[in-house]
Amino acid sequence: MDWSAIFLTIRLALVVCAILLVVGTPIAWWLSFTRWRWKFFVESIVALPIVLPPTVLGFYVLIAMGSNSPIGRWYQSLTGHGLPFTFEGLAIASVIYSLPFAVQPMAAAFSNVDRNLINASSILGASRIRTFLRVVLPLSVGGVVTGFVLSFAHTLGEFGVVLMVGGNIPGVTRTVSIAIYDHVQALDYAGANRMAILLMAFSFVTLSITYALNRRVWAVWPMHR
Amino acid sequence: MASGNSGESDGRLSVRIAYRTSNSFALEAEFEASAGFTMILGPSGGGKTTILNCIAGLARPDAGRIALGARVLFDSAARIEMPVAERRLGYVFQNLALFPHLTVAQNVQYGIAKVPAEERRARMMTMLESFRIAHLIARKPGEISGGERQRVALARSIVTNPAAILLDEPLIALDNATRSKILDDLRAWNAAHEIPILYVTHSPAEAFALGERVLVLDGGRILAQGTAQEVLATPRHETIAQVVGFENVFDATVRSIAETQGTMLCQLDGSTTRLEVPLGHAETGARVRIAIRAGDIIVAGERPHGLSARNSFPGRVESMRREGVRVVVMIDAEGATFEVHLTPGAIDALRIEAGKKVWLVIKTYSCNLVEPSVRS
């Protein structure tokens, strides 16, 4: 069993989910309440990774991170090394890749919150941030958990983007899905199977827990007025 | 505006707004509300909630000015639009909008979060006790009854010491007894605080029972405003008559005019029944509309004698149904159907039943002349 690949994958997924919570929540909040006429434009950009082949996304992320791009050069001058083929680069690419899976369930949950509750909060003198933290977020726990789990599972299983941006460096960018590919390339089907079963079992358990939790979330608040 | 400035030192709410929506619904309203209940009465879709939303800042008027005491909440000319959170209003929505995930205590303390914890708790307890819901403190909105939820919603708004309270049919789902108890509590609270309370309702009974002042709103316009007596006494439009609760509205033709008596005799359409009504701006042969409240009609078991009432004529009971503590009786008088409200006791005493012949007695001044509504 390739434990370093497993731990690396879990670490990557956790880091990506943490970043997505911080970055994705405001985007989801903004998307569910803005009346800006060009909102669809932002929605399309966020949703792009769903339809785009991971290799295309990975290719452009690689270019954007490269030493020829301003972003790449800026990062290099800051840290002394480039982004491609590092854990940080992989994490950034994965954040972009999993963004829609975090944002969409959260935005759906936010916009399902009764507008009257948000209005009532404002009338009672609450700021927008307080309204969000005290009313919208607690009533959207289901959506936030779903977004977290979906992006976690999605990051666990990604392959194309990792290969393009991270390569295959053991302990740095060699995730489980890359390891499985390696095993198959080496005709080690038993090794591939061990890791594949692990990934599948883990994904299944995570999803089951999410759905079970989500159901209980609804049961706590039977009344939605 | 001189009229807007007069009341700005004493916490009065003055409103002058024009509001349009894309589907051509337009609202134009101008009124002042001083301390106490001002009832906004009208059919649904008449613009009642829109007025409240404009005052609260949930809707933006196209033009106008809204001031509360010395504070200007909205002024299109001066480009003032105070944020919702700074308006210091209590607003109880029709669906109450209690926070379902918070307990009663957390709901009531929501609007006073900046108050120090000890004082906050004391204020909450005072409020819960005066609304008799202190025992519900740890419950969530889903776990208490409808009447209790209404009390929590009122307490949550009022505990913030608002400068005005907006109530959008908050008690619509309650039975009369519960409703009047809650309103008594609210009245008692306001006796000490004296702030304007705008109360939206479509029930004329509620409006005239509670309100020091009544605004009648329909089709986005204020049709009448004043004290309950003033609004009831001067139904100038047919819509007002319907809104304020004339159960009987008849089209009729003026047959003769008795100028010196101050009356005229009108024949109801489709009936031989004639009614003596107060003199109006009409000539013989003119078409008029007459409105009579069902509670103003007296029913007699036999032909009455020696009455001051000028109208008495026979009819036949068509049907009757009980509505709470009153009985609604439909009586046919030679082709014209009158709705009459009687007490169950009167029904028993007169032995009224379907098919029985009775006499109807109506005072001249119970017959209100109303103009046909202006259709736009």
# chains A, B, ... in the order shown; residues from 1 in each chain; ligands from 1

call {"tool": "interface_residues", "arguments": {"of": "chain A", "to": "chain B", "cutoff": "6 Å", "atoms": "only C-alpha atoms", "output": "list in words"}}
result
Asn116, Leu117, Ser122, Ile123, Leu124, Gly125 and Met223 of chain A

call {"tool": "residues_around", "arguments": {"residues": "stretch 349-362 of chain B", "least_positions_apart": "2", "cutoff": "6 Å", "atoms": "only C-alpha atoms", "output": "number ranges by chain"}}
result
B: 297-301, 311-319, 346-347

call {"tool": "select_by_dssp", "arguments": {"residues": "stretch 148-367 of chain B", "states": "strand (DSSP E)", "output": "number ranges by chain"}}
result
B: 164-168, 196-201, 213-218, 221-227, 248-258, 263-268, 274-278, 287-292, 298-300, 311-323, 326-333, 336-342, 357-362

call {"tool": "residues_around", "arguments": {"residues": "stretch 182-191 of chain B", "least_positions_apart": "6", "cutoff": "12 Å", "atoms": "only C-alpha atoms", "output": "number ranges by chain"}}
result
B: 35-37, 126-133, 147-155, 157-159, 161-165, 167, 170-171, 174-176, 197, 199, 206, 209-212

call {"tool": "write_last_selection", "arguments": {"atoms": "C-alpha atoms", "output": "PDB file, in the first residue's frame"}}
result
ATOM      1  CA  ALA B  35     -48.944  58.019  18.431  1.00  0.00           C
ATOM      2  CA  GLY B  36     -51.455  55.201  18.643  1.00  0.00           C
ATOM      3  CA  PHE B  37     -53.042  52.813  16.181  1.00  0.00           C
ATOM      4  CA  THR B 126     -39.694  42.226  31.020  1.00  0.00           C
ATOM      5  CA  MET B 127     -40.926  41.965  27.464  1.00  0.00           C
ATOM      6  CA  LEU B 128     -41.632  38.225  27.675  1.00  0.00           C
ATOM      7  CA  GLU B 129     -43.538  38.727  30.903  1.00  0.00           C
ATOM      8  CA  SER B 130     -45.652  41.581  29.580  1.00  0.00           C
ATOM      9  CA  PHE B 131     -46.574  39.366  26.616  1.00  0.00           C
ATOM     10  CA  ARG B 132     -47.032  36.341  28.901  1.00  0.00           C
ATOM     11  CA  ILE B 133     -44.554  34.094  27.139  1.00  0.00           C
ATOM     12  CA  GLY B 147     -50.727  32.579  19.146  1.00  0.00           C
ATOM     13  CA  GLU B 148     -47.491  32.191  21.071  1.00  0.00           C
ATOM     14  CA  ARG B 149     -45.486  32.755  17.911  1.00  0.00           C
ATOM     15  CA  GLN B 150     -47.365  36.017  17.288  1.00  0.00           C
ATOM     16  CA  ARG B 151     -46.503  37.159  20.793  1.00  0.00           C
ATOM     17  CA  VAL B 152     -42.844  36.268  20.309  1.00  0.00           C
ATOM     18  CA  ALA B 153     -42.769  38.199  17.024  1.00  0.00           C
ATOM     19  CA  LEU B 154     -44.324  41.250  18.681  1.00  0.00           C
ATOM     20  CA  ALA B 155     -41.966  41.010  21.662  1.00  0.00           C
ATOM     21  CA  SER B 157     -39.889  43.897  17.543  1.00  0.00           C
ATOM     22  CA  ILE B 158     -40.936  45.909  20.546  1.00  0.00           C
ATOM     23  CA  VAL B 159     -37.993  45.065  22.822  1.00  0.00           C
ATOM     24  CA  ASN B 161     -37.707  50.297  21.526  1.00  0.00           C
ATOM     25  CA  PRO B 162     -38.601  51.139  17.943  1.00  0.00           C
ATOM     26  CA  ALA B 163     -39.630  54.624  16.862  1.00  0.00           C
ATOM     27  CA  ALA B 164     -42.677  53.189  15.075  1.00  0.00           C
ATOM     28  CA  ILE B 165     -44.252  49.774  14.665  1.00  0.00           C
ATOM     29  CA  LEU B 167     -47.891  45.354  11.660  1.00  0.00           C
ATOM     30  CA  PRO B 170     -49.957  39.870  12.190  1.00  0.00           C
ATOM     31  CA  LEU B 171     -52.953  38.373  13.941  1.00  0.00           C
ATOM     32  CA  LEU B 174     -55.797  33.796  15.343  1.00  0.00           C
ATOM     33  CA  ASP B 175     -59.221  33.406  16.890  1.00  0.00           C
ATOM     34  CA  ASN B 176     -60.905  36.564  18.139  1.00  0.00           C
ATOM     35  CA  ILE B 197     -48.406  51.905  15.147  1.00  0.00           C
ATOM     36  CA  TYR B 199     -51.731  48.210  11.462  1.00  0.00           C
ATOM     37  CA  GLU B 206     -60.863  44.966  13.190  1.00  0.00           C
ATOM     38  CA  ALA B 209     -62.664  48.404  16.549  1.00  0.00           C
ATOM     39  CA  LEU B 210     -58.999  49.181  17.106  1.00  0.00           C
ATOM     40  CA  GLY B 211     -57.998  52.237  15.210  1.00  0.00           C
ATOM     41  CA  GLU B 212     -57.962  55.772  16.450  1.00  0.00           C
TER      42      GLU B 212
END

call {"tool": "residues_around", "arguments": {"residues": "B:Val327", "least_positions_apart": "5", "cutoff": "10 Å", "atoms": "only C-alpha atoms", "output": "ChimeraX atom specification"}}
result
/B:320-322,340-347

call {"tool": "residues_around", "arguments": {"residues": "A:Val144", "least_positions_apart": "3", "cutoff": "6 Å", "atoms": "only C-alpha atoms", "output": "tab-separated table (two decimals) with N, CA, C and O atoms, in the first residue's frame"}}
result
chain	number	residue	atom	x	y	z
A	106	MET	N	-23.75	25.62	-1.86
A	106	MET	CA	-23.87	26.69	-0.88
A	106	MET	C	-24.79	27.80	-1.39
A	106	MET	O	-25.67	28.27	-0.68
A	141	VAL	N	-26.70	25.07	6.77
A	141	VAL	CA	-25.68	24.09	7.16
A	141	VAL	C	-25.64	22.92	6.19
A	141	VAL	O	-24.57	22.48	5.76
A	147	GLY	N	-21.43	21.06	0.10
A	147	GLY	CA	-20.37	21.68	-0.68
A	147	GLY	C	-18.99	21.21	-0.23
A	147	GLY	O	-18.13	20.89	-1.06

call {"tool": "atom_distance", "arguments": {"atom1": "atom CA of A:Gln76", "atom2": "atom CA of A:Ser4"}}
result
26.9 Å

call {"tool": "residues_around", "arguments": {"residues": "stretch 95-97 of chain A", "least_positions_apart": "5", "cutoff": "10 Å", "atoms": "only C-alpha atoms", "output": "list in words"}}
result
Leu12, Ala13, Val15, Val16, Cys17, Ala18, Ile19, Leu20, Val23, Gly24, Val46, Ala47, Leu48, Pro49, Ile50, Leu52, Pro54, Leu57, Gly58, Val61, Gly89, Leu90, Ala102, Ser151, His154, Thr155, Glu158 and Val161 of chain A

call {"tool": "atom_distance", "arguments": {"atom1": "atom CA of B:Leu13", "atom2": "atom CA of B:Met82"}}
result
14.9 Å

call {"tool": "closest_atom_pairs", "arguments": {"of": "stretch 311-340 of chain B", "to": "stretch 240-260 of chain B", "cutoff": "9 Å", "atoms": "only C-alpha atoms", "output": "CSV"}}
result
residue,atom,partner,partner_atom,distance
B:Ala336,CA,B:Phe250,CA,8.3
B:Thr337,CA,B:Asn248,CA,8.4
B:Phe338,CA,B:Asn248,CA,6.3
B:Glu339,CA,B:Asn248,CA,6.3
B:Val340,CA,B:Glu247,CA,8.4

call {"tool": "atom_distance", "arguments": {"atom1": "atom CA of A:Thr175", "atom2": "atom CA of A:Tyr60"}}
result
20.5 Å

call {"tool": "residues_around", "arguments": {"residues": "stretch 26-34 of chain A", "least_positions_apart": "6", "cutoff": "8 Å", "atoms": "only C-alpha atoms", "output": "PyMOL selection string"}}
result
chain A and resi 43+103-104+106-108+110-111

call {"tool": "write_last_selection", "arguments": {"atoms": "C-alpha atoms", "output": "PDB file, in the first residue's frame"}}
result
ATOM      1  CA  GLU A  43     -21.794  32.023 -12.690  1.00  0.00           C
ATOM      2  CA  VAL A 103     -20.100  27.144  -4.521  1.00  0.00           C
ATOM      3  CA  GLN A 104     -23.182  25.653  -6.140  1.00  0.00           C
ATOM      4  CA  MET A 106     -23.866  26.695  -0.876  1.00  0.00           C
ATOM      5  CA  ALA A 107     -25.440  29.247  -3.226  1.00  0.00           C
ATOM      6  CA  ALA A 108     -28.513  27.032  -3.597  1.00  0.00           C
ATOM      7  CA  PHE A 110     -28.320  30.493   0.706  1.00  0.00           C
ATOM      8  CA  SER A 111     -30.976  31.447  -1.809  1.00  0.00           C
TER       9      SER A 111
END

call {"tool": "closest_residue", "arguments": {"among": "B:Lys363, B:Lys48, B:Gly295, B:Val108", "to": "B:Leu307", "atoms": "only C-alpha atoms"}}
result
B:Lys363

call {"tool": "select_by_dssp", "arguments": {"residues": "stretch 182-309 of chain B", "states": "helix (DSSP H, G or I)", "output": "PyMOL selection string"}}
result
chain B and resi 182-193+204-210+228-233+238-244+294-296
